[in-house]
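start37.txt follows; it contains compact mmCIF, C-alpha atoms and all ligand atoms.
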```txt
# COMPACT_ATOMS: atom_id res chain seq x y z
CA MET L 1 10.68 15.41 15.27
CA THR L 2 11.82 16.69 18.69
CA ASP L 3 9.88 17.92 21.73
CA GLU L 4 10.48 21.56 20.77
CA THR L 5 8.65 21.30 17.45
CA PRO L 6 5.34 23.16 17.21
CA GLU L 7 1.87 21.62 17.23
CA PRO L 8 0.29 20.37 13.99
CA THR L 9 -0.38 23.26 11.66
CA THR L 10 -4.07 22.92 10.91
CA ALA L 11 -4.98 21.43 14.30
CA ALA L 12 -3.20 24.20 16.19
CA ALA L 13 -6.20 26.53 16.01
CA ASP L 14 -8.37 23.94 17.73
CA THR L 15 -7.47 23.94 21.42
CA SER L 16 -10.30 21.69 22.58
CA ALA L 17 -9.45 18.19 23.76
CA ALA L 18 -10.72 15.17 21.87
CA SER L 19 -13.47 13.00 23.42
CA PRO L 20 -12.78 9.35 24.25
CA PHE L 21 -12.86 7.01 21.23
CA ALA L 22 -15.04 3.91 21.45
CA MET L 23 -14.32 0.68 19.59
CA ALA L 24 -15.66 -2.84 20.16
CA GLY L 25 -16.89 -1.88 23.65
CA VAL L 26 -13.56 -0.33 24.70
CA SER L 27 -13.15 3.39 25.46
CA ILE L 28 -9.80 4.99 24.59
CA ASP L 29 -8.89 8.31 26.18
CA PRO L 30 -7.38 11.16 24.19
CA ARG L 31 -3.54 11.17 24.09
CA THR L 32 -3.41 7.38 24.50
CA SER L 33 -3.18 4.25 22.40
CA ALA L 34 -4.70 0.81 22.87
CA THR L 35 -4.73 -2.56 21.14
CA ILE L 36 -8.24 -3.83 20.51
CA ALA L 37 -9.13 -7.42 19.61
CA ILE L 38 -12.30 -7.54 17.52
CA PRO L 39 -13.83 -11.04 17.69
CA VAL L 40 -14.36 -12.42 14.17
CA SER L 41 -15.12 -16.12 14.29
CA ASN L 42 -13.93 -19.47 15.63
CA THR L 43 -11.07 -21.36 14.07
CA ALA L 44 -10.99 -25.11 13.39
CA THR L 45 -9.65 -25.58 16.91
CA GLY L 46 -12.80 -23.99 18.29
CA LEU L 47 -10.74 -21.14 19.67
CA PRO L 48 -11.64 -17.52 18.95
CA ALA L 49 -10.08 -15.66 16.02
CA SER L 50 -9.78 -11.89 16.36
CA LEU L 51 -8.85 -8.92 14.22
CA TYR L 52 -6.24 -6.81 16.01
CA VAL L 53 -6.30 -3.02 15.79
CA ARG L 54 -3.86 -0.57 17.40
CA VAL L 55 -5.75 2.67 18.00
CA LEU L 56 -3.84 5.94 18.42
CA HIS L 57 -6.26 8.54 19.73
CA GLY L 58 -4.80 12.04 19.57
CA ALA L 59 -4.92 14.89 22.06
CA LYS L 60 -7.04 17.06 19.77
CA PRO L 61 -10.04 16.41 17.54
CA GLY L 62 -9.30 15.53 13.94
CA PRO L 63 -10.06 13.00 11.23
CA CYS L 64 -10.27 9.28 11.84
CA ILE L 65 -8.30 7.22 9.32
CA PHE L 66 -7.22 3.59 9.05
CA VAL L 67 -4.10 1.93 7.69
CA SER L 68 -4.45 -1.75 6.81
CA ALA L 69 -2.06 -4.44 5.61
CA ALA L 70 -2.08 -8.10 4.59
CA ILE L 71 -5.66 -8.22 3.33
CA HIS L 72 -3.93 -10.71 1.08
CA GLY L 73 -2.22 -12.76 3.78
CA ASP L 74 1.13 -13.14 1.99
CA GLU L 75 1.44 -9.41 1.12
CA ILE L 76 3.23 -8.43 4.30
CA ILE L 77 5.14 -5.31 3.29
CA GLY L 78 2.43 -3.12 4.86
CA THR L 79 2.92 -4.95 8.15
CA ALA L 80 6.53 -3.73 8.17
CA VAL L 81 5.38 -0.24 7.20
CA ILE L 82 2.89 -0.11 10.08
CA GLN L 83 5.47 -1.37 12.57
CA ARG L 84 7.84 1.43 11.62
CA VAL L 85 5.16 4.13 11.58
CA LEU L 86 3.93 3.03 15.02
CA ALA L 87 7.44 3.42 16.43
CA LYS L 88 7.45 7.05 15.24
CA LEU L 89 4.02 8.23 16.42
CA ASP L 90 2.91 9.43 19.83
CA ALA L 91 -0.84 9.86 20.42
CA ALA L 92 -0.13 12.67 22.92
CA SER L 93 1.16 14.96 20.17
CA MET L 94 -1.39 13.93 17.52
CA ALA L 95 -4.74 15.28 16.39
CA GLY L 96 -7.43 12.86 15.29
CA THR L 97 -7.37 9.07 15.39
CA VAL L 98 -5.55 6.38 13.43
CA LEU L 99 -6.56 2.72 13.39
CA PHE L 100 -3.65 0.46 12.39
CA LEU L 101 -4.34 -3.10 11.23
CA PRO L 102 -1.00 -4.79 10.47
CA VAL L 103 -2.66 -8.11 9.57
CA VAL L 104 -6.25 -8.10 8.29
CA ASN L 105 -6.26 -11.60 6.77
CA ILE L 106 -5.27 -13.27 10.03
CA PHE L 107 -5.85 -16.73 8.54
CA GLY L 108 -3.86 -16.37 5.29
CA PHE L 109 -1.02 -14.61 7.12
CA GLN L 110 -0.28 -17.68 9.22
CA GLN L 111 -0.31 -19.93 6.14
CA HIS L 112 1.80 -17.51 4.01
CA SER L 113 -1.20 -17.47 1.68
CA ARG L 114 -3.07 -14.75 -0.19
CA TYR L 115 -6.37 -16.49 0.55
CA LEU L 116 -8.42 -17.65 3.51
CA PRO L 117 -8.75 -21.30 4.52
CA ASP L 118 -12.09 -21.35 2.66
CA ARG L 119 -10.06 -20.43 -0.47
CA ARG L 120 -11.80 -17.09 -0.83
CA ASP L 121 -10.10 -13.80 -1.63
CA LEU L 122 -10.89 -11.33 1.17
CA ASN L 123 -10.57 -8.42 -1.25
CA ARG L 124 -13.46 -9.81 -3.31
CA SER L 125 -15.64 -10.59 -0.27
CA PHE L 126 -16.92 -7.16 0.77
CA PRO L 127 -19.38 -6.19 2.22
CA GLY L 128 -19.60 -9.74 3.58
CA SER L 129 -22.04 -10.81 6.28
CA ALA L 130 -22.04 -12.05 9.88
CA LYS L 131 -23.58 -15.36 8.80
CA GLY L 132 -21.54 -15.93 5.65
CA SER L 133 -18.28 -17.75 4.94
CA LEU L 134 -15.17 -17.10 6.99
CA ALA L 135 -14.11 -14.48 4.42
CA ALA L 136 -17.57 -12.88 4.55
CA GLN L 137 -17.46 -12.70 8.36
CA LEU L 138 -14.00 -11.13 8.38
CA ALA L 139 -14.89 -8.64 5.64
CA ASN L 140 -18.06 -7.68 7.47
CA LYS L 141 -16.31 -7.11 10.82
CA PHE L 142 -13.63 -5.02 9.12
CA LEU L 143 -16.30 -2.96 7.37
CA LYS L 144 -18.55 -2.42 10.41
CA GLU L 145 -15.92 -1.96 13.13
CA VAL L 146 -13.20 -0.11 11.21
CA ILE L 147 -14.02 1.26 7.76
CA CYS L 148 -17.37 2.82 8.72
CA HIS L 149 -15.71 4.94 11.46
CA CYS L 150 -13.21 6.53 9.05
CA SER L 151 -13.10 9.22 6.39
CA LEU L 152 -9.95 7.85 4.72
CA GLY L 153 -8.18 4.51 4.45
CA ILE L 154 -4.72 3.52 3.28
CA ASP L 155 -4.58 -0.15 2.30
CA ILE L 156 -1.15 -1.62 1.59
CA HIS L 157 -0.51 -4.52 -0.79
CA SER L 158 2.49 -6.00 -2.56
CA ALA L 159 2.91 -7.80 -5.86
CA ALA L 160 2.02 -11.50 -6.02
CA VAL L 161 4.55 -14.22 -5.15
CA HIS L 162 7.67 -14.01 -7.36
CA ARG L 163 6.80 -10.52 -8.61
CA TYR L 164 7.92 -7.04 -7.55
CA ASN L 165 5.97 -3.79 -7.70
CA LEU L 166 7.52 -0.34 -7.84
CA PRO L 167 5.94 1.63 -4.95
CA GLN L 168 2.72 3.05 -6.39
CA ILE L 169 -0.66 4.42 -5.30
CA ARG L 170 -3.85 3.29 -6.99
CA ILE L 171 -6.96 5.41 -6.75
CA ALA L 172 -10.45 5.53 -8.19
CA PRO L 173 -10.57 7.57 -11.41
CA ASP L 174 -11.68 11.21 -11.51
CA ASN L 175 -11.63 11.97 -7.77
CA GLU L 176 -9.80 15.26 -7.16
CA ARG L 177 -9.32 14.81 -3.40
CA LEU L 178 -7.85 11.35 -3.88
CA ARG L 179 -5.65 12.62 -6.69
CA GLU L 180 -4.23 15.30 -4.38
CA LEU L 181 -3.59 12.81 -1.55
CA ALA L 182 -2.07 10.27 -3.95
CA MET L 183 0.32 12.87 -5.37
CA LEU L 184 1.51 14.11 -1.97
CA PHE L 185 1.89 10.51 -0.67
CA GLY L 186 5.18 10.56 -2.55
CA ALA L 187 5.30 7.03 -4.05
CA HIS L 188 6.92 6.56 -7.46
CA ALA L 189 3.71 6.29 -9.47
CA VAL L 190 0.02 7.21 -9.21
CA ILE L 191 -2.37 5.02 -11.17
CA GLU L 192 -6.05 5.77 -11.65
CA SER L 193 -7.80 2.45 -12.12
CA PRO L 194 -11.41 1.24 -12.05
CA LEU L 195 -12.65 -0.43 -8.86
CA ARG L 196 -13.23 -4.19 -8.75
CA PRO L 197 -16.70 -5.23 -7.48
CA GLY L 198 -16.53 -6.62 -3.94
CA SER L 199 -13.14 -5.03 -3.27
CA LEU L 200 -12.38 -2.94 -0.23
CA ARG L 201 -12.03 0.16 -2.40
CA ASP L 202 -15.40 -0.48 -4.04
CA ILE L 203 -17.29 -0.93 -0.78
CA ALA L 204 -15.47 1.93 0.97
CA ARG L 205 -16.56 4.29 -1.79
CA GLY L 206 -20.18 3.27 -1.14
CA GLU L 207 -19.67 4.23 2.52
CA GLY L 208 -18.16 7.60 1.57
CA VAL L 209 -14.65 6.57 2.66
CA ASP L 210 -11.79 7.64 0.39
CA MET L 211 -9.19 4.94 -0.23
CA LEU L 212 -5.56 5.04 -1.21
CA LEU L 213 -4.32 1.60 -2.25
CA MET L 214 -0.57 1.22 -2.05
CA GLU L 215 1.26 -1.50 -4.00
CA ALA L 216 4.93 -2.02 -3.22
CA GLY L 217 7.55 -4.75 -3.25
CA GLU L 218 7.16 -8.49 -3.33
CA ALA L 219 4.91 -10.96 -1.48
CA LEU L 220 6.49 -12.63 1.57
CA ARG L 221 9.45 -10.22 1.53
CA PHE L 222 10.46 -6.92 3.12
CA ASP L 223 12.50 -4.41 1.13
CA GLU L 224 13.77 -1.10 2.45
CA LEU L 225 12.62 1.09 -0.45
CA SER L 226 9.03 -0.14 -0.21
CA VAL L 227 8.95 0.21 3.58
CA ARG L 228 10.33 3.75 3.41
CA SER L 229 7.88 4.70 0.68
CA GLY L 230 4.95 3.51 2.81
CA VAL L 231 6.18 5.20 5.99
CA ASN L 232 6.85 8.45 4.13
CA GLY L 233 3.44 8.36 2.45
CA ILE L 234 1.48 7.76 5.66
CA LEU L 235 3.34 10.57 7.45
CA ASN L 236 2.82 12.90 4.47
CA VAL L 237 -0.92 12.21 4.42
CA MET L 238 -1.25 12.60 8.20
CA ALA L 239 0.65 15.90 8.08
CA HIS L 240 -1.54 17.13 5.22
CA LEU L 241 -4.64 16.33 7.31
CA GLY L 242 -3.19 18.25 10.28
CA MET L 243 -2.81 15.11 12.42
CA ILE L 244 0.96 15.45 12.88
CA GLN L 245 3.54 18.08 12.08
CA PRO L 246 4.92 18.27 8.57
CA HIS L 247 8.27 16.75 7.70
CA PRO L 248 10.88 19.14 9.20
CA GLU L 249 13.06 18.98 6.08
CA ALA L 250 10.24 18.82 3.53
CA THR L 251 11.46 20.04 0.17
CA GLN L 252 9.90 20.31 -3.25
CA VAL L 253 8.20 16.97 -3.86
CA THR L 254 9.20 15.27 -7.10
CA LEU L 255 6.22 14.70 -9.39
CA PRO L 256 5.47 10.94 -9.53
CA ALA L 257 4.70 9.10 -12.77
CA ARG L 258 0.98 9.54 -13.44
CA CYS L 259 -0.68 6.68 -15.27
CA ARG L 260 -4.12 5.64 -16.45
CA ARG L 261 -3.35 2.45 -18.38
CA ALA L 262 -0.94 -0.40 -17.77
CA ILE L 263 -0.15 -3.47 -19.87
CA TRP L 264 1.47 -6.79 -18.92
CA VAL L 265 4.05 -8.15 -21.34
CA ARG L 266 3.92 -11.97 -21.33
CA ALA L 267 6.48 -14.69 -21.95
CA PRO L 268 6.69 -15.53 -25.67
CA ARG L 269 7.78 -19.09 -24.80
CA GLY L 270 8.50 -21.25 -21.76
CA GLY L 271 12.03 -21.38 -20.37
CA LEU L 272 14.43 -19.11 -18.51
CA CYS L 273 13.81 -15.39 -18.53
CA THR L 274 16.45 -12.65 -18.42
CA LEU L 275 15.19 -9.09 -18.10
CA ALA L 276 17.09 -6.28 -19.81
CA ARG L 277 14.97 -3.63 -18.09
CA THR L 278 13.38 -3.56 -14.66
CA SER L 279 10.94 -1.65 -12.44
CA GLY L 280 11.54 2.09 -12.50
CA ASP L 281 13.02 2.05 -16.03
CA ALA L 282 11.39 4.07 -18.80
CA VAL L 283 11.00 2.11 -22.04
CA LYS L 284 10.19 3.07 -25.62
CA LYS L 285 7.74 1.20 -27.81
CA GLY L 286 9.57 -1.59 -29.67
CA GLU L 287 12.53 -1.67 -27.27
CA VAL L 288 13.77 -5.14 -26.26
CA ILE L 289 13.03 -5.55 -22.54
CA GLY L 290 14.01 -9.20 -22.06
CA ARG L 291 14.41 -12.66 -23.52
CA VAL L 292 13.35 -16.22 -22.73
CA SER L 293 15.62 -19.09 -23.73
CA GLY L 294 15.48 -22.89 -23.46
CA ILE L 295 17.27 -24.81 -20.73
CA PHE L 296 20.46 -25.04 -22.85
CA GLY L 297 20.40 -21.26 -23.40
CA ASP L 298 19.46 -21.56 -27.05
CA ASP L 299 16.44 -20.53 -29.11
CA ALA L 300 16.06 -17.28 -27.16
CA ALA L 301 12.88 -15.33 -27.90
CA GLU L 302 13.09 -11.60 -27.26
CA PHE L 303 10.12 -9.58 -26.08
CA ARG L 304 9.58 -5.86 -26.54
CA ALA L 305 7.74 -2.93 -24.98
CA PRO L 306 4.32 -2.52 -26.66
CA ILE L 307 4.05 1.15 -25.61
CA ASP L 308 6.18 4.03 -24.36
CA GLY L 309 5.98 3.92 -20.56
CA ILE L 310 7.51 3.14 -17.20
CA ILE L 311 7.96 -0.34 -15.77
CA ILE L 312 5.86 -0.51 -12.58
CA GLY L 313 6.30 -4.24 -11.87
CA HIS L 314 8.26 -7.28 -12.98
CA ALA L 315 8.66 -11.02 -12.40
CA VAL L 316 11.60 -12.01 -10.20
CA LEU L 317 11.44 -15.77 -10.85
CA PRO L 318 13.37 -16.62 -14.04
CA VAL L 319 11.60 -19.96 -14.62
CA VAL L 320 8.58 -19.09 -16.76
CA ASN L 321 5.79 -20.73 -18.70
CA GLN L 322 4.68 -19.38 -22.05
CA GLY L 323 2.16 -16.60 -21.33
CA ASP L 324 3.39 -15.77 -17.82
CA ALA L 325 3.14 -12.05 -16.99
CA LEU L 326 6.73 -10.74 -16.90
CA VAL L 327 6.81 -6.95 -17.12
CA HIS L 328 4.08 -4.44 -16.23
CA ILE L 329 4.37 -1.22 -18.23
CA ALA L 330 2.31 1.88 -17.47
CA GLU L 331 1.61 4.61 -19.97
CA VAL L 332 2.53 7.94 -18.37
CA MET L 333 1.17 11.45 -18.83
CA ARG L 334 4.63 13.10 -18.95
CA PHE L 335 7.03 10.62 -20.50
CA GLY L 336 10.09 12.79 -21.26
CA ASP L 337 11.71 12.96 -17.81
CA VAL L 338 9.83 10.18 -16.02
CA GLU L 339 12.88 7.99 -15.36
CA GLU L 340 14.79 10.91 -13.79
CA ARG L 341 11.82 11.75 -11.59
CA VAL L 342 11.44 8.13 -10.46
CA ASP L 343 15.18 7.94 -9.71
CA GLN L 344 14.95 11.15 -7.68
CA ILE L 345 12.14 9.69 -5.59
CA THR L 346 14.20 6.54 -4.90
CA GLU L 347 17.23 8.60 -3.92
CA ALA L 348 15.23 10.92 -1.66
CA LEU L 349 13.57 8.00 0.14
CA LEU L 350 16.80 6.08 0.68
CA ASN L 351 18.64 9.16 1.96
CA ASP L 352 15.90 10.50 4.25
CA ARG L 353 17.13 10.08 7.83
CA LEU L 354 13.62 10.60 9.23
CA LEU L 355 12.63 7.31 7.62
CA ASP L 356 15.39 5.36 9.38
CA GLU L 357 14.15 2.69 11.71
CA ASP L 358 15.19 4.36 14.96
CA GLU L 359 14.39 7.99 14.08
CA LEU L 360 11.51 9.49 16.09
CA ILE L 361 9.46 12.34 14.68
ZN ZN X 1 -3.08 -7.63 -2.77
```
The structure given in the file should be rewritten as structure tokens.
Amino acid sequence: MTDETPEPTTAAADTSAASPFAMAGVSIDPRTSATIAIPVSNTATGLPASLYVRVLHGAKPGPCIFVSAAIHGDEIIGTAVIQRVLAKLDAASMAGTVLFLPVVNIFGFQQHSRYLPDRRDLNRSFPGSAKGSLAAQLANKFLKEVICHCSLGIDIHSAAVHRYNLPQIRIAPDNERLRELAMLFGAHAVIESPLRPGSLRDIARGEGVDMLLMEAGEALRFDELSVRSGVNGILNVMAHLGMIQPHPEATQVTLPARCRRAIWVRAPRGGLCTLARTSGDAVKKGEVIGRVSGIFGDDAAEFRAPIDGIIIGHAVLPVVNQGDALVHIAEVMRFGDVEERVDQITEALLNDRLLDEDELI
């Protein structure tokens, strides 16, 4: 976006300036950004551990949202997404406020681990408490200092180690506003799934904060399609909320795959796995989707799709134990043209110049 482009559409009517934004004892003026360190705890060295937030406080009033990554410390794709979004945004031409947290699980991130040093899962530790375990303290600070100030959150995850997820948005079931935001985010699939107790999504709902959970790519890896999908989605949501201007070349958005149920297909035996189909492919019930053979290549056992659907995730490590989850298939509402639609989304994301690393909006 260039300097000549007009002000955000829905914020344009509001000519009043925003008030300063306060966080952790720091005041941030409108049109500016600041990096805030929220003290969390002490580490084993006795030194302080802090949660880092980059606040972009716009020129005009508007919603306050957060974007978080690496709640699971090895799921770093959202960190790359946030880096690229930050390079594109300028608080001076924004309405509202965005809180970016590129690394929430500051402890697991350093260890390349999903968990905290106390072996707890941060995304099962909400609401936490100031006097609880390390995970409880971190969850509680994140809740009190960040989540409670916002009306919407976008939390970015990836698949587990040695697995890949097609870019997808997961939302609580039967929430029309979330459904609308999830659809316009522009990821390949939208999945309505129940909330896990103690998860960020569960606790945010209790606080009246809507949550979009993005899943994309592989743990401990960056991939361009996932990064572009995240960047595109955040900009789409911000434009929809009137915080930035809409995409200058926005065209008819391709309808993502909409899903309510997903099934893992597991390894029928231990050995070496070869997949015949992969994430983004549509599969028919009974279709062979891969095989697992012994170390000499013999005694291969095929495995098949249990339902008609789209593959939303797959294992990337060929060495498998019997029962390992290999292919994640989601049942879709409109099956007929789902593969074409998913391919169109991939093509549009990879060809969109605005999503290039050095392109400013
Ligand atoms: Zn995760």
Which chains and residue numbers are within 6 Å of ligand ZN 1 (chain X), counting all atoms listed in the file, if I want them as a VMD selection string? chain L and resid 72 157 to 158
If we count all atoms listed in the file and set the cut-off at 6 Å, which residues sit around segment 104-106 of chain L, ignoring sequence neighbours fewer than 3 positions away in its own chain? Please answer as a tab-separated table (two decimals) with C-alpha atoms, in the frame of the given file.
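File produced: part-v8.tsv:
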```
chain	number	residue	atom	x	y	z
L	70	ALA	CA	-2.08	-8.10	4.59
L	71	ILE	CA	-5.66	-8.22	3.33
L	73	GLY	CA	-2.22	-12.76	3.78
L	109	PHE	CA	-1.02	-14.61	7.12
```
Do you have the atom CA of Ala216 of chain L-atom CA of Ala135 of chain L distance handy?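 Computing it gives 24.0 Å between the two atoms.
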Atom CA of Val342 of chain L to atom CA of Val327 of chain L, distance in Å rounded to a single decimal: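 These atoms are spaced 17.1 Å apart.
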Please list as a PyMOL selection string every residue within 10 Å of segment 152-156 of chain L, counting all atoms listed in the file and excluding residues in the same chain fewer than 5 positions away. chain L and resi 63-72+75-79+81-82+98-102+146-147+169-170+178+200-201+204-205+208-216+230+233-234+237
Selection near Gly270 of chain L, 9 Å with all atoms listed in the file, sequence-local residues under 6 positions removed, as a ChimeraX atom specification: /L:292-294,319-324
Output as lines of an AutoDock Vina configuration file the centre and edge lengths (Å, one decimal) of the box along x, y and z of the file that holds every listed atom of segment 221-227 of chain L after adding 6 Å on each side.
```
center_x = 11.4
center_y = -4.6
center_z = 1.6
size_x = 16.8
size_y = 23.3
size_z = 16.0
```
In Å, how far is it from atom CA of Asp308 of chain L to atom CA of Gln344 of chain L?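 That distance, rounded to one decimal, is 20.1 Å.
Counting all atoms listed in the file, the residue from L:Lys60, L:His328, L:Arg196, L:Lys131 that sits nearest to Ala282 of chain L is L:His328.
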Using only C-alpha atoms: which of L:Ala59, L:Met243, L:Ala44, L:Cys150 has the shortest distance to Asp118 of chain L: L:Ala44
Find, counting all atoms listed in the file, the residue in L:Ile263, L:Cys273, L:Leu349, L:Leu51 that gets nearest to Ala187 of chain L.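 The shortest atom-to-atom distance to Ala187 of chain L comes from L:Leu349.
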Using all atoms listed in the file, which of the listed residues (L:Glu192, L:Glu218, L:Glu287, L:Asp298) sits closest to Ala257 of chain L?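 Of all the options, L:Glu192 lies closest to Ala257 of chain L.
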At a cut-off of 9 Å from (13.9, -8.7, -24.9) in the coordinates of the file, what residues are picked up using all atoms listed in the file, written as a list in words?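 Answer for this query, in the requested form: Thr274, Leu275, Ala276, Arg277, Glu287, Val288, Ile289, Gly290, Arg291, Val292, Ala301, Glu302, Phe303, Arg304 and Ala305 of chain L.
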Let's have the selection written as a compact mmCIF listing (two decimals), in the frame of the given file, with C-alpha atoms.
```
# COMPACT_ATOMS: atom_id res chain seq x y z
CA THR L 274 16.45 -12.65 -18.42
CA LEU L 275 15.19 -9.09 -18.10
CA ALA L 276 17.09 -6.28 -19.81
CA ARG L 277 14.97 -3.63 -18.09
CA GLU L 287 12.53 -1.67 -27.27
CA VAL L 288 13.77 -5.14 -26.26
CA ILE L 289 13.03 -5.55 -22.54
CA GLY L 290 14.01 -9.20 -22.06
CA ARG L 291 14.41 -12.66 -23.52
CA VAL L 292 13.35 -16.22 -22.73
CA ALA L 301 12.88 -15.33 -27.90
CA GLU L 302 13.09 -11.60 -27.26
CA PHE L 303 10.12 -9.58 -26.08
CA ARG L 304 9.58 -5.86 -26.54
CA ALA L 305 7.74 -2.93 -24.98
```
